[in-house]
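Q: One file: data34.txt (compact mmCIF, N, CA and C atoms).
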```
# COMPACT_ATOMS: atom_id res chain seq x y z
N MET A 1 41.56 -54.71 -11.72
CA MET A 1 42.76 -54.89 -12.54
C MET A 1 42.53 -56.00 -13.55
N ALA A 2 42.86 -55.78 -14.80
CA ALA A 2 42.70 -56.77 -15.85
C ALA A 2 43.71 -57.89 -15.65
N GLN A 3 43.28 -59.10 -16.04
CA GLN A 3 44.15 -60.26 -15.85
C GLN A 3 43.66 -61.42 -16.70
N PRO A 4 44.52 -62.45 -16.90
CA PRO A 4 44.06 -63.63 -17.63
C PRO A 4 43.08 -64.45 -16.78
N SER A 5 42.14 -65.10 -17.45
CA SER A 5 41.17 -65.95 -16.76
C SER A 5 41.67 -67.39 -16.79
N ALA A 6 40.88 -68.28 -16.19
CA ALA A 6 41.26 -69.69 -16.14
C ALA A 6 41.38 -70.29 -17.54
N ASP A 7 40.61 -69.80 -18.52
CA ASP A 7 40.68 -70.32 -19.89
C ASP A 7 41.75 -69.62 -20.73
N GLY A 8 42.54 -68.77 -20.11
CA GLY A 8 43.63 -68.09 -20.81
C GLY A 8 43.24 -66.78 -21.47
N ALA A 9 41.95 -66.45 -21.45
CA ALA A 9 41.51 -65.19 -22.04
C ALA A 9 41.90 -64.04 -21.13
N PHE A 10 42.15 -62.89 -21.73
CA PHE A 10 42.39 -61.67 -20.98
C PHE A 10 41.04 -61.15 -20.51
N GLU A 11 40.92 -60.78 -19.25
CA GLU A 11 39.65 -60.26 -18.74
C GLU A 11 39.81 -58.81 -18.32
N PHE A 12 38.97 -57.97 -18.90
CA PHE A 12 38.96 -56.55 -18.64
C PHE A 12 37.70 -56.20 -17.85
N PRO A 13 37.84 -55.71 -16.61
CA PRO A 13 36.65 -55.39 -15.81
C PRO A 13 35.89 -54.19 -16.41
N VAL A 14 34.58 -54.31 -16.42
CA VAL A 14 33.71 -53.24 -16.92
C VAL A 14 32.75 -52.85 -15.82
N ARG A 15 32.75 -51.58 -15.52
CA ARG A 15 31.79 -51.06 -14.55
C ARG A 15 30.61 -50.49 -15.33
N VAL A 16 29.46 -51.12 -15.20
CA VAL A 16 28.27 -50.67 -15.92
C VAL A 16 27.83 -49.33 -15.34
N ARG A 17 27.82 -48.33 -16.21
CA ARG A 17 27.43 -46.99 -15.78
C ARG A 17 25.92 -46.82 -15.98
N TYR A 18 25.35 -46.00 -15.14
CA TYR A 18 23.90 -45.79 -15.14
C TYR A 18 23.38 -45.40 -16.52
N HIS A 19 24.10 -44.53 -17.22
CA HIS A 19 23.63 -44.06 -18.52
C HIS A 19 23.73 -45.12 -19.63
N GLU A 20 24.38 -46.26 -19.37
CA GLU A 20 24.47 -47.34 -20.36
C GLU A 20 23.24 -48.26 -20.32
N VAL A 21 22.42 -48.12 -19.30
CA VAL A 21 21.27 -49.00 -19.10
C VAL A 21 20.04 -48.38 -19.75
N ASP A 22 19.28 -49.20 -20.48
CA ASP A 22 18.10 -48.71 -21.18
C ASP A 22 16.83 -48.90 -20.35
N ALA A 23 15.70 -48.62 -20.94
CA ALA A 23 14.41 -48.71 -20.24
C ALA A 23 14.06 -50.13 -19.82
N GLN A 24 14.70 -51.12 -20.43
CA GLN A 24 14.46 -52.52 -20.06
C GLN A 24 15.32 -52.96 -18.87
N GLY A 25 16.18 -52.05 -18.39
CA GLY A 25 17.00 -52.35 -17.22
C GLY A 25 18.29 -53.08 -17.52
N VAL A 26 18.64 -53.17 -18.82
CA VAL A 26 19.90 -53.83 -19.21
C VAL A 26 20.72 -52.87 -20.07
N VAL A 27 21.99 -53.20 -20.24
CA VAL A 27 22.88 -52.37 -21.04
C VAL A 27 22.37 -52.34 -22.49
N PHE A 28 22.24 -51.13 -23.02
CA PHE A 28 21.82 -50.94 -24.41
C PHE A 28 22.86 -51.55 -25.34
N ASN A 29 22.42 -52.21 -26.40
CA ASN A 29 23.31 -53.00 -27.27
C ASN A 29 24.50 -52.23 -27.84
N ALA A 30 24.36 -50.96 -28.16
CA ALA A 30 25.47 -50.20 -28.76
C ALA A 30 26.68 -50.10 -27.84
N TRP A 31 26.46 -50.16 -26.54
CA TRP A 31 27.59 -50.03 -25.60
C TRP A 31 28.54 -51.22 -25.67
N TYR A 32 28.05 -52.38 -26.12
CA TYR A 32 28.91 -53.55 -26.19
C TYR A 32 30.10 -53.31 -27.13
N LEU A 33 29.86 -52.69 -28.27
CA LEU A 33 30.97 -52.42 -29.19
C LEU A 33 31.97 -51.44 -28.58
N ALA A 34 31.49 -50.48 -27.82
CA ALA A 34 32.40 -49.56 -27.12
C ALA A 34 33.22 -50.33 -26.09
N TRP A 35 32.59 -51.23 -25.35
CA TRP A 35 33.32 -52.04 -24.38
C TRP A 35 34.39 -52.88 -25.07
N PHE A 36 34.04 -53.49 -26.23
CA PHE A 36 34.99 -54.34 -26.93
C PHE A 36 36.18 -53.52 -27.44
N ASP A 37 35.91 -52.31 -27.89
CA ASP A 37 37.00 -51.45 -28.37
C ASP A 37 37.96 -51.13 -27.23
N GLU A 38 37.42 -50.79 -26.09
CA GLU A 38 38.27 -50.50 -24.93
C GLU A 38 39.02 -51.75 -24.47
N ALA A 39 38.34 -52.90 -24.46
CA ALA A 39 38.97 -54.15 -24.04
C ALA A 39 40.08 -54.56 -25.01
N MET A 40 39.89 -54.33 -26.32
CA MET A 40 40.92 -54.64 -27.31
C MET A 40 42.18 -53.82 -27.03
N THR A 41 42.01 -52.54 -26.75
CA THR A 41 43.15 -51.67 -26.46
C THR A 41 43.89 -52.15 -25.21
N GLU A 42 43.16 -52.52 -24.17
CA GLU A 42 43.78 -53.00 -22.93
C GLU A 42 44.43 -54.37 -23.13
N PHE A 43 43.82 -55.21 -23.97
CA PHE A 43 44.37 -56.53 -24.30
C PHE A 43 45.76 -56.36 -24.93
N LEU A 44 45.86 -55.46 -25.92
CA LEU A 44 47.16 -55.22 -26.56
C LEU A 44 48.17 -54.63 -25.58
N GLU A 45 47.70 -53.69 -24.76
CA GLU A 45 48.60 -53.08 -23.77
C GLU A 45 49.10 -54.11 -22.76
N HIS A 46 48.21 -55.00 -22.33
CA HIS A 46 48.59 -56.07 -21.41
C HIS A 46 49.69 -56.95 -22.02
N ARG A 47 49.67 -57.05 -23.35
CA ARG A 47 50.66 -57.84 -24.07
C ARG A 47 51.81 -56.97 -24.58
N GLU A 48 51.97 -55.81 -23.93
CA GLU A 48 53.10 -54.91 -24.13
C GLU A 48 53.11 -54.18 -25.47
N LEU A 49 51.92 -53.90 -26.00
CA LEU A 49 51.82 -53.04 -27.18
C LEU A 49 50.79 -51.95 -26.89
N SER A 50 51.29 -50.78 -26.54
CA SER A 50 50.36 -49.68 -26.32
C SER A 50 49.86 -49.19 -27.67
N TYR A 51 48.67 -48.62 -27.65
CA TYR A 51 48.11 -48.09 -28.89
C TYR A 51 49.01 -46.98 -29.44
N ARG A 52 49.57 -46.16 -28.56
CA ARG A 52 50.47 -45.09 -28.98
C ARG A 52 51.69 -45.65 -29.69
N THR A 53 52.27 -46.74 -29.17
CA THR A 53 53.43 -47.37 -29.80
C THR A 53 53.07 -47.88 -31.19
N MET A 54 51.89 -48.48 -31.31
CA MET A 54 51.45 -48.98 -32.62
C MET A 54 51.30 -47.82 -33.61
N LEU A 55 50.68 -46.74 -33.18
CA LEU A 55 50.51 -45.58 -34.06
C LEU A 55 51.85 -44.97 -34.43
N ASP A 56 52.74 -44.84 -33.45
CA ASP A 56 54.06 -44.27 -33.70
C ASP A 56 54.87 -45.13 -34.68
N ALA A 57 54.59 -46.44 -34.71
CA ALA A 57 55.26 -47.34 -35.65
C ALA A 57 54.64 -47.25 -37.05
N GLY A 58 53.54 -46.49 -37.17
CA GLY A 58 52.93 -46.28 -38.48
C GLY A 58 51.72 -47.14 -38.77
N TYR A 59 51.19 -47.82 -37.75
CA TYR A 59 50.07 -48.74 -37.95
C TYR A 59 48.87 -48.36 -37.09
N ASP A 60 47.71 -48.73 -37.61
CA ASP A 60 46.46 -48.65 -36.84
C ASP A 60 45.64 -49.86 -37.25
N VAL A 61 44.53 -50.09 -36.56
CA VAL A 61 43.63 -51.17 -36.93
C VAL A 61 42.25 -50.59 -37.16
N GLN A 62 41.55 -51.19 -38.11
CA GLN A 62 40.23 -50.73 -38.49
C GLN A 62 39.26 -51.89 -38.38
N LEU A 63 38.18 -51.69 -37.65
CA LEU A 63 37.15 -52.72 -37.53
C LEU A 63 36.44 -52.86 -38.87
N VAL A 64 36.34 -54.10 -39.38
CA VAL A 64 35.67 -54.32 -40.66
C VAL A 64 34.47 -55.26 -40.54
N HIS A 65 34.37 -56.00 -39.45
CA HIS A 65 33.24 -56.92 -39.28
C HIS A 65 33.10 -57.27 -37.81
N SER A 66 31.86 -57.33 -37.35
CA SER A 66 31.60 -57.76 -35.98
C SER A 66 30.28 -58.50 -35.92
N GLU A 67 30.26 -59.61 -35.19
CA GLU A 67 29.04 -60.38 -34.95
C GLU A 67 28.87 -60.55 -33.46
N LEU A 68 27.66 -60.29 -32.98
CA LEU A 68 27.36 -60.41 -31.56
C LEU A 68 26.14 -61.30 -31.37
N ASP A 69 26.20 -62.14 -30.36
CA ASP A 69 25.07 -62.98 -29.97
C ASP A 69 24.86 -62.83 -28.48
N TRP A 70 23.64 -62.43 -28.09
CA TRP A 70 23.32 -62.24 -26.69
C TRP A 70 22.64 -63.47 -26.12
N ARG A 71 23.00 -63.80 -24.91
CA ARG A 71 22.37 -64.89 -24.17
C ARG A 71 21.56 -64.36 -22.99
N GLY A 72 21.89 -63.16 -22.57
CA GLY A 72 21.22 -62.54 -21.43
C GLY A 72 21.66 -61.11 -21.30
N GLY A 73 21.05 -60.40 -20.39
CA GLY A 73 21.36 -59.00 -20.20
C GLY A 73 22.33 -58.76 -19.06
N VAL A 74 22.90 -57.57 -19.08
CA VAL A 74 23.77 -57.10 -18.02
C VAL A 74 23.14 -55.82 -17.49
N GLY A 75 23.04 -55.72 -16.18
CA GLY A 75 22.41 -54.55 -15.58
C GLY A 75 23.37 -53.70 -14.77
N TRP A 76 22.85 -52.55 -14.39
CA TRP A 76 23.63 -51.62 -13.58
C TRP A 76 24.01 -52.30 -12.27
N GLY A 77 25.30 -52.22 -11.90
CA GLY A 77 25.78 -52.81 -10.66
C GLY A 77 26.27 -54.24 -10.79
N ASP A 78 26.07 -54.88 -11.96
CA ASP A 78 26.56 -56.25 -12.14
C ASP A 78 28.08 -56.27 -12.17
N ASP A 79 28.67 -57.31 -11.58
CA ASP A 79 30.11 -57.54 -11.61
C ASP A 79 30.43 -58.14 -12.99
N THR A 80 30.96 -57.31 -13.88
CA THR A 80 31.09 -57.68 -15.30
C THR A 80 32.54 -57.57 -15.77
N VAL A 81 32.93 -58.51 -16.64
CA VAL A 81 34.22 -58.42 -17.33
C VAL A 81 33.99 -58.70 -18.81
N VAL A 82 34.89 -58.16 -19.64
CA VAL A 82 34.93 -58.52 -21.05
C VAL A 82 36.18 -59.37 -21.24
N ALA A 83 35.98 -60.63 -21.64
CA ALA A 83 37.09 -61.53 -21.94
C ALA A 83 37.49 -61.33 -23.40
N VAL A 84 38.80 -61.34 -23.66
CA VAL A 84 39.32 -61.14 -25.01
C VAL A 84 40.35 -62.21 -25.30
N SER A 85 40.29 -62.76 -26.51
CA SER A 85 41.29 -63.73 -26.94
C SER A 85 41.46 -63.62 -28.46
N THR A 86 42.66 -63.86 -28.92
CA THR A 86 42.92 -63.89 -30.35
C THR A 86 42.27 -65.13 -30.93
N ALA A 87 41.44 -64.94 -31.96
CA ALA A 87 40.76 -66.06 -32.60
C ALA A 87 41.49 -66.54 -33.85
N LYS A 88 41.99 -65.58 -34.65
CA LYS A 88 42.62 -65.94 -35.92
C LYS A 88 43.53 -64.80 -36.36
N ILE A 89 44.64 -65.17 -37.00
CA ILE A 89 45.55 -64.17 -37.57
C ILE A 89 45.75 -64.51 -39.04
N GLY A 90 45.48 -63.53 -39.90
CA GLY A 90 45.68 -63.69 -41.34
C GLY A 90 46.87 -62.89 -41.81
N ARG A 91 46.87 -62.52 -43.08
CA ARG A 91 47.97 -61.76 -43.66
C ARG A 91 47.86 -60.27 -43.34
N THR A 92 46.66 -59.70 -43.50
CA THR A 92 46.44 -58.29 -43.22
C THR A 92 45.37 -58.06 -42.17
N SER A 93 44.73 -59.13 -41.73
CA SER A 93 43.64 -58.99 -40.76
C SER A 93 43.77 -60.01 -39.64
N PHE A 94 43.06 -59.73 -38.56
CA PHE A 94 43.00 -60.67 -37.44
C PHE A 94 41.61 -60.57 -36.81
N ALA A 95 41.24 -61.63 -36.11
CA ALA A 95 39.95 -61.66 -35.43
C ALA A 95 40.18 -61.84 -33.93
N LEU A 96 39.42 -61.09 -33.16
CA LEU A 96 39.42 -61.25 -31.70
C LEU A 96 38.04 -61.75 -31.28
N ASP A 97 38.05 -62.64 -30.31
CA ASP A 97 36.80 -63.10 -29.69
C ASP A 97 36.60 -62.34 -28.39
N PHE A 98 35.36 -62.00 -28.12
CA PHE A 98 34.97 -61.30 -26.90
C PHE A 98 33.84 -62.07 -26.23
N GLN A 99 33.86 -62.09 -24.92
CA GLN A 99 32.73 -62.60 -24.15
C GLN A 99 32.47 -61.64 -23.00
N VAL A 100 31.22 -61.26 -22.84
CA VAL A 100 30.83 -60.50 -21.66
C VAL A 100 30.46 -61.54 -20.62
N ARG A 101 31.11 -61.46 -19.47
CA ARG A 101 30.91 -62.44 -18.40
C ARG A 101 30.46 -61.71 -17.14
N VAL A 102 29.46 -62.28 -16.49
CA VAL A 102 28.89 -61.68 -15.28
C VAL A 102 28.99 -62.70 -14.15
N ALA A 103 29.36 -62.21 -12.96
CA ALA A 103 29.47 -63.09 -11.79
C ALA A 103 28.12 -63.72 -11.50
N GLY A 104 28.12 -65.04 -11.31
CA GLY A 104 26.91 -65.78 -10.97
C GLY A 104 27.20 -66.77 -9.87
N GLU A 105 26.22 -67.60 -9.57
CA GLU A 105 26.37 -68.59 -8.49
C GLU A 105 27.47 -69.59 -8.77
N ASP A 106 27.65 -69.97 -10.04
CA ASP A 106 28.65 -70.98 -10.42
C ASP A 106 29.84 -70.37 -11.15
N GLY A 107 30.27 -69.21 -10.71
CA GLY A 107 31.38 -68.55 -11.38
C GLY A 107 30.86 -67.48 -12.32
N ARG A 108 31.51 -67.32 -13.45
CA ARG A 108 31.11 -66.30 -14.41
C ARG A 108 30.22 -66.90 -15.49
N GLU A 109 29.11 -66.22 -15.75
CA GLU A 109 28.17 -66.62 -16.78
C GLU A 109 28.38 -65.74 -18.01
N VAL A 110 28.45 -66.37 -19.19
CA VAL A 110 28.60 -65.62 -20.43
C VAL A 110 27.24 -65.09 -20.86
N THR A 111 27.15 -63.77 -21.04
CA THR A 111 25.90 -63.15 -21.46
C THR A 111 25.93 -62.66 -22.90
N CYS A 112 27.14 -62.57 -23.49
CA CYS A 112 27.26 -62.13 -24.88
C CYS A 112 28.56 -62.69 -25.46
N ASP A 113 28.47 -63.22 -26.67
CA ASP A 113 29.63 -63.68 -27.43
C ASP A 113 29.79 -62.77 -28.64
N ALA A 114 31.02 -62.48 -29.02
CA ALA A 114 31.24 -61.66 -30.21
C ALA A 114 32.57 -62.03 -30.85
N ARG A 115 32.62 -61.84 -32.16
CA ARG A 115 33.89 -61.96 -32.90
C ARG A 115 33.99 -60.72 -33.77
N THR A 116 35.15 -60.07 -33.69
CA THR A 116 35.38 -58.85 -34.47
C THR A 116 36.63 -59.03 -35.30
N VAL A 117 36.55 -58.63 -36.56
CA VAL A 117 37.68 -58.70 -37.48
C VAL A 117 38.21 -57.29 -37.69
N TYR A 118 39.52 -57.17 -37.59
CA TYR A 118 40.23 -55.91 -37.78
C TYR A 118 41.21 -56.05 -38.94
N VAL A 119 41.40 -54.98 -39.69
CA VAL A 119 42.42 -54.92 -40.73
C VAL A 119 43.47 -53.92 -40.29
N VAL A 120 44.73 -54.28 -40.50
CA VAL A 120 45.83 -53.38 -40.19
C VAL A 120 45.97 -52.38 -41.34
N ILE A 121 46.03 -51.10 -40.97
CA ILE A 121 46.18 -50.04 -41.98
C ILE A 121 47.37 -49.16 -41.62
N ALA A 122 47.85 -48.44 -42.61
CA ALA A 122 48.94 -47.48 -42.39
C ALA A 122 48.35 -46.16 -41.95
N VAL A 123 48.99 -45.52 -40.99
CA VAL A 123 48.49 -44.23 -40.51
C VAL A 123 48.69 -43.11 -41.53
N ASP A 124 49.54 -43.34 -42.53
CA ASP A 124 49.77 -42.31 -43.55
C ASP A 124 48.70 -42.30 -44.64
N GLY A 125 47.70 -43.19 -44.51
CA GLY A 125 46.60 -43.22 -45.47
C GLY A 125 46.84 -44.09 -46.68
N SER A 126 47.94 -44.84 -46.70
CA SER A 126 48.26 -45.65 -47.87
C SER A 126 47.52 -46.99 -47.91
N GLY A 127 46.65 -47.26 -46.94
CA GLY A 127 45.81 -48.46 -47.02
C GLY A 127 46.24 -49.59 -46.12
N LYS A 128 45.65 -50.77 -46.42
CA LYS A 128 45.92 -51.92 -45.55
C LYS A 128 47.33 -52.42 -45.71
N GLN A 129 47.82 -53.02 -44.63
CA GLN A 129 49.20 -53.48 -44.54
C GLN A 129 49.23 -54.91 -44.03
N GLU A 130 50.31 -55.61 -44.34
CA GLU A 130 50.52 -56.92 -43.73
C GLU A 130 50.72 -56.70 -42.23
N ILE A 131 50.30 -57.66 -41.45
CA ILE A 131 50.41 -57.54 -39.99
C ILE A 131 51.90 -57.51 -39.62
N PRO A 132 52.36 -56.40 -39.02
CA PRO A 132 53.77 -56.32 -38.64
C PRO A 132 54.03 -57.15 -37.38
N SER A 133 55.30 -57.43 -37.14
CA SER A 133 55.66 -58.28 -36.00
C SER A 133 55.23 -57.67 -34.67
N ILE A 134 55.23 -56.34 -34.53
CA ILE A 134 54.85 -55.76 -33.23
C ILE A 134 53.39 -56.07 -32.90
N ILE A 135 52.54 -56.15 -33.91
CA ILE A 135 51.13 -56.50 -33.67
C ILE A 135 50.98 -58.00 -33.54
N ALA A 136 51.63 -58.76 -34.43
CA ALA A 136 51.55 -60.22 -34.36
C ALA A 136 52.04 -60.75 -33.02
N ASN A 137 53.13 -60.19 -32.51
CA ASN A 137 53.66 -60.63 -31.22
C ASN A 137 52.68 -60.34 -30.09
N ALA A 138 52.03 -59.18 -30.15
CA ALA A 138 51.05 -58.83 -29.11
C ALA A 138 49.82 -59.72 -29.18
N LEU A 139 49.41 -60.10 -30.38
CA LEU A 139 48.24 -60.96 -30.53
C LEU A 139 48.51 -62.36 -29.99
N GLY A 140 49.73 -62.84 -30.16
CA GLY A 140 50.09 -64.18 -29.67
C GLY A 140 49.44 -65.27 -30.50
N GLU A 141 49.52 -66.48 -29.99
CA GLU A 141 48.93 -67.63 -30.67
C GLU A 141 47.41 -67.57 -30.52
N PRO A 142 46.69 -67.85 -31.60
CA PRO A 142 45.22 -67.86 -31.50
C PRO A 142 44.71 -68.90 -30.49
N ARG A 143 43.76 -68.46 -29.68
CA ARG A 143 43.06 -69.32 -28.73
C ARG A 143 41.59 -68.91 -28.76
N PRO A 144 40.86 -69.31 -29.81
CA PRO A 144 39.47 -68.86 -29.97
C PRO A 144 38.61 -69.23 -28.77
N LEU A 145 37.71 -68.31 -28.42
CA LEU A 145 36.72 -68.57 -27.40
C LEU A 145 35.44 -69.15 -28.02
N LEU A 146 35.29 -68.92 -29.32
CA LEU A 146 34.08 -69.32 -30.04
C LEU A 146 34.43 -70.25 -31.19
N PRO A 147 33.49 -71.12 -31.56
CA PRO A 147 33.75 -71.96 -32.74
C PRO A 147 33.66 -71.13 -34.01
N PHE A 148 34.33 -71.59 -35.06
CA PHE A 148 34.23 -70.94 -36.36
C PHE A 148 33.04 -71.51 -37.10
N LYS A 149 32.26 -70.62 -37.71
CA LYS A 149 31.09 -71.04 -38.48
C LYS A 149 31.54 -71.55 -39.84
N GLU A 150 30.87 -72.56 -40.32
CA GLU A 150 31.23 -73.14 -41.62
C GLU A 150 30.48 -72.48 -42.73
```
Please, can you express the file's structure as structure tokens?
A:
Amino acid sequence: MAQPSADGAFEFPVRVRYHEVDAQGVVFNAWYLAWFDEAMTEFLEHRELSYRTMLDAGYDVQLVHSELDWRGGVGWGDDTVVAVSTAKIGRTSFALDFQVRVAGEDGREVTCDARTVYVVIAVDGSGKQEIPSIIANALGEPRPLLPFKE
């Protein structure tokens, strides 16, 4: 069950599936973006905004930028979560921070850091929109997990 962590981030459990692991014995890099997409949806739902509700209100979000930094690998059978936190909220875009965390001897070890920027768009195809209150309320106050680069 997903829940907030000690640092206030939302944690979404990820079960590493056999087909996600490459010949090196770790999760292939492309799967991380899929995990983040799923974790983002659950993060919003946990904050009482289902994706269906957002779409029905006329809004969607579009990924426009993502940066990932790996510190270590995640393998099949590892106890893994994706932590999610709002990093920044702008006028039409917002950034979420993600961390892949794996159970270790001293608690959870971060194996991957990422920041993804999303733009709010209209489902009718009319383009980007200012962040509506239903999305802003679900995002909450920014609590970045990562420092901002200068």
Q: For Phe98 (chain A), which residue among A:Ile134, A:Leu146, A:Met54, A:Val64 is the nearest when counting only N, CA and C atoms?
A: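 Checking each candidate against Phe98 (chain A), we get A:Leu146 as the closest.
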Q: Pull the strand (DSSP E or B) assignments for region 66-131 of chain A out of DSSP run on the backbone, and list those residues as a ChimeraX atom specification.
A: /A:66-70,79-89,93-104,107-122,128
Q: Could you work out an axis-aligned bounding box for all listed atoms of region 86-98 of chain A, with 6 Å added on each of the six sides, and give its centre and edge lengths in Å to one decimal, as AutoDock Vina command-line options?
A:
```
--center_x 40.9 --center_y -62.3 --center_z -34.9 --size_x 26.1 --size_y 20.5 --size_z 29.4
```
Q: Expressed in Å to a single decimal, how great is the separation between atom C of Pro142 (chain A) and CA of Val27 (chain A)?
A: 29.0 Å
Q: Rounded to one decimal, what separation in Å do you get between atom C of Ala9 (chain A) and atom N of Val61 (chain A)?
A: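 Computing it gives 21.0 Å between the two atoms.
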Q: Find the residues with any atom within 5 Å of (40.4, -61.3, -27.4); use all atoms listed in the file and the coordinates as given in the file, and write the answer as a VMD selection string.
A: chain A and resid 83 to 86 96 to 97
Q: Of the residues A:Ala30, A:Gly77, A:Gln62, A:Arg47, which is the one nearest to Tyr18 (chain A), using all atoms listed in the file?
A: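 The closest residue to Tyr18 (chain A) is A:Gly77.
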Q: May I ask for the distance between CA of Leu145 (chain A) and atom C of Arg108 (chain A), given in Å to one decimal place?
A: 13.7 Å
Q: Per DSSP on the backbone, filter region 51-110 of chain A down to the residues in helix (DSSP H, G or I) and report them as a ChimeraX atom specification.
A: /A:51-56
Q: Write out as a list of chain:residue names each polymer residue whose atoms come within 6 Å of Val110 (chain A), counting only N, CA and C atoms; drop sequence neighbours fewer than 6 positions from it.
A: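 Once the adjacent positions are removed, what remains is A:Arg71, A:Gly72, A:Val100, A:Arg101, A:Val102.
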Q: Just the residues within 5 Å of Thr92 (chain A), please, counting all atoms listed in the file, with nothing from its chain fewer than 3 positions along; format it as a PDB file with N, CA and C atoms, keeping the file's coordinate frame.
A:
```
ATOM      1  N   VAL A 119      41.400 -54.980 -39.690  1.00  0.00           N
ATOM      2  CA  VAL A 119      42.420 -54.920 -40.730  1.00  0.00           C
ATOM      3  C   VAL A 119      43.470 -53.920 -40.290  1.00  0.00           C
ATOM      4  N   VAL A 120      44.730 -54.280 -40.500  1.00  0.00           N
ATOM      5  CA  VAL A 120      45.830 -53.380 -40.190  1.00  0.00           C
ATOM      6  C   VAL A 120      45.970 -52.380 -41.340  1.00  0.00           C
ATOM      7  N   GLN A 129      47.820 -53.020 -44.630  1.00  0.00           N
ATOM      8  CA  GLN A 129      49.200 -53.480 -44.540  1.00  0.00           C
ATOM      9  C   GLN A 129      49.230 -54.910 -44.030  1.00  0.00           C
ATOM     10  N   GLU A 130      50.310 -55.610 -44.340  1.00  0.00           N
ATOM     11  CA  GLU A 130      50.520 -56.920 -43.730  1.00  0.00           C
ATOM     12  C   GLU A 130      50.720 -56.700 -42.230  1.00  0.00           C
ATOM     13  N   ILE A 131      50.300 -57.660 -41.450  1.00  0.00           N
ATOM     14  CA  ILE A 131      50.410 -57.540 -39.990  1.00  0.00           C
ATOM     15  C   ILE A 131      51.900 -57.510 -39.620  1.00  0.00           C
TER      16      ILE A 131
END
```
Q: What's around Asp69 (chain A) at 7 Å? Count only C-alpha atoms, leave out sequence neighbours fewer than 2 positions away in its own chain, and write the answer as an MDAnalysis selection string.
A: chainID A and resid 67 71 112:114
Q: Using only C-alpha atoms, which of A:Leu55, A:Ala87, A:Val82, A:Val26 sits nearest Asp124 (chain A)?
A: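 Among the listed residues, the smallest separation from Asp124 (chain A) belongs to A:Leu55.
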Q: Output region 72-84 of chain A as an mmCIF file, in the frame of the given file, making sure N, CA, C and O atoms are there.
A:
```
data_model
loop_
_atom_site.group_PDB
_atom_site.id
_atom_site.type_symbol
_atom_site.label_atom_id
_atom_site.label_comp_id
_atom_site.auth_asym_id
_atom_site.auth_seq_id
_atom_site.Cartn_x
_atom_site.Cartn_y
_atom_site.Cartn_z
ATOM 1 N N GLY A 72 21.890 -63.160 -22.570
ATOM 2 C CA GLY A 72 21.220 -62.540 -21.430
ATOM 3 C C GLY A 72 21.660 -61.110 -21.300
ATOM 4 O O GLY A 72 22.550 -60.649 -22.023
ATOM 5 N N GLY A 73 21.050 -60.400 -20.390
ATOM 6 C CA GLY A 73 21.360 -59.000 -20.200
ATOM 7 C C GLY A 73 22.330 -58.760 -19.060
ATOM 8 O O GLY A 73 22.549 -59.615 -18.205
ATOM 9 N N VAL A 74 22.900 -57.570 -19.080
ATOM 10 C CA VAL A 74 23.770 -57.100 -18.020
ATOM 11 C C VAL A 74 23.140 -55.820 -17.490
ATOM 12 O O VAL A 74 22.755 -54.945 -18.260
ATOM 13 N N GLY A 75 23.040 -55.720 -16.180
ATOM 14 C CA GLY A 75 22.410 -54.550 -15.580
ATOM 15 C C GLY A 75 23.370 -53.700 -14.770
ATOM 16 O O GLY A 75 24.518 -54.084 -14.520
ATOM 17 N N TRP A 76 22.850 -52.550 -14.390
ATOM 18 C CA TRP A 76 23.630 -51.620 -13.580
ATOM 19 C C TRP A 76 24.010 -52.300 -12.270
ATOM 20 O O TRP A 76 23.192 -52.943 -11.611
ATOM 21 N N GLY A 77 25.300 -52.220 -11.900
ATOM 22 C CA GLY A 77 25.780 -52.810 -10.660
ATOM 23 C C GLY A 77 26.270 -54.240 -10.790
ATOM 24 O O GLY A 77 26.814 -54.782 -9.833
ATOM 25 N N ASP A 78 26.070 -54.880 -11.960
ATOM 26 C CA ASP A 78 26.560 -56.250 -12.140
ATOM 27 C C ASP A 78 28.080 -56.270 -12.170
ATOM 28 O O ASP A 78 28.722 -55.374 -12.722
ATOM 29 N N ASP A 79 28.670 -57.310 -11.580
ATOM 30 C CA ASP A 79 30.110 -57.540 -11.610
ATOM 31 C C ASP A 79 30.430 -58.140 -12.990
ATOM 32 O O ASP A 79 30.181 -59.314 -13.225
ATOM 33 N N THR A 80 30.960 -57.310 -13.880
ATOM 34 C CA THR A 80 31.090 -57.680 -15.300
ATOM 35 C C THR A 80 32.540 -57.570 -15.770
ATOM 36 O O THR A 80 33.248 -56.650 -15.378
ATOM 37 N N VAL A 81 32.930 -58.510 -16.640
ATOM 38 C CA VAL A 81 34.220 -58.420 -17.330
ATOM 39 C C VAL A 81 33.990 -58.700 -18.810
ATOM 40 O O VAL A 81 33.037 -59.368 -19.192
ATOM 41 N N VAL A 82 34.890 -58.160 -19.640
ATOM 42 C CA VAL A 82 34.930 -58.520 -21.050
ATOM 43 C C VAL A 82 36.180 -59.370 -21.240
ATOM 44 O O VAL A 82 37.295 -58.919 -20.992
ATOM 45 N N ALA A 83 35.980 -60.630 -21.640
ATOM 46 C CA ALA A 83 37.090 -61.530 -21.940
ATOM 47 C C ALA A 83 37.490 -61.330 -23.400
ATOM 48 O O ALA A 83 36.620 -61.161 -24.259
ATOM 49 N N VAL A 84 38.800 -61.340 -23.660
ATOM 50 C CA VAL A 84 39.320 -61.140 -25.010
ATOM 51 C C VAL A 84 40.350 -62.210 -25.300
ATOM 52 O O VAL A 84 41.203 -62.513 -24.462
#
```
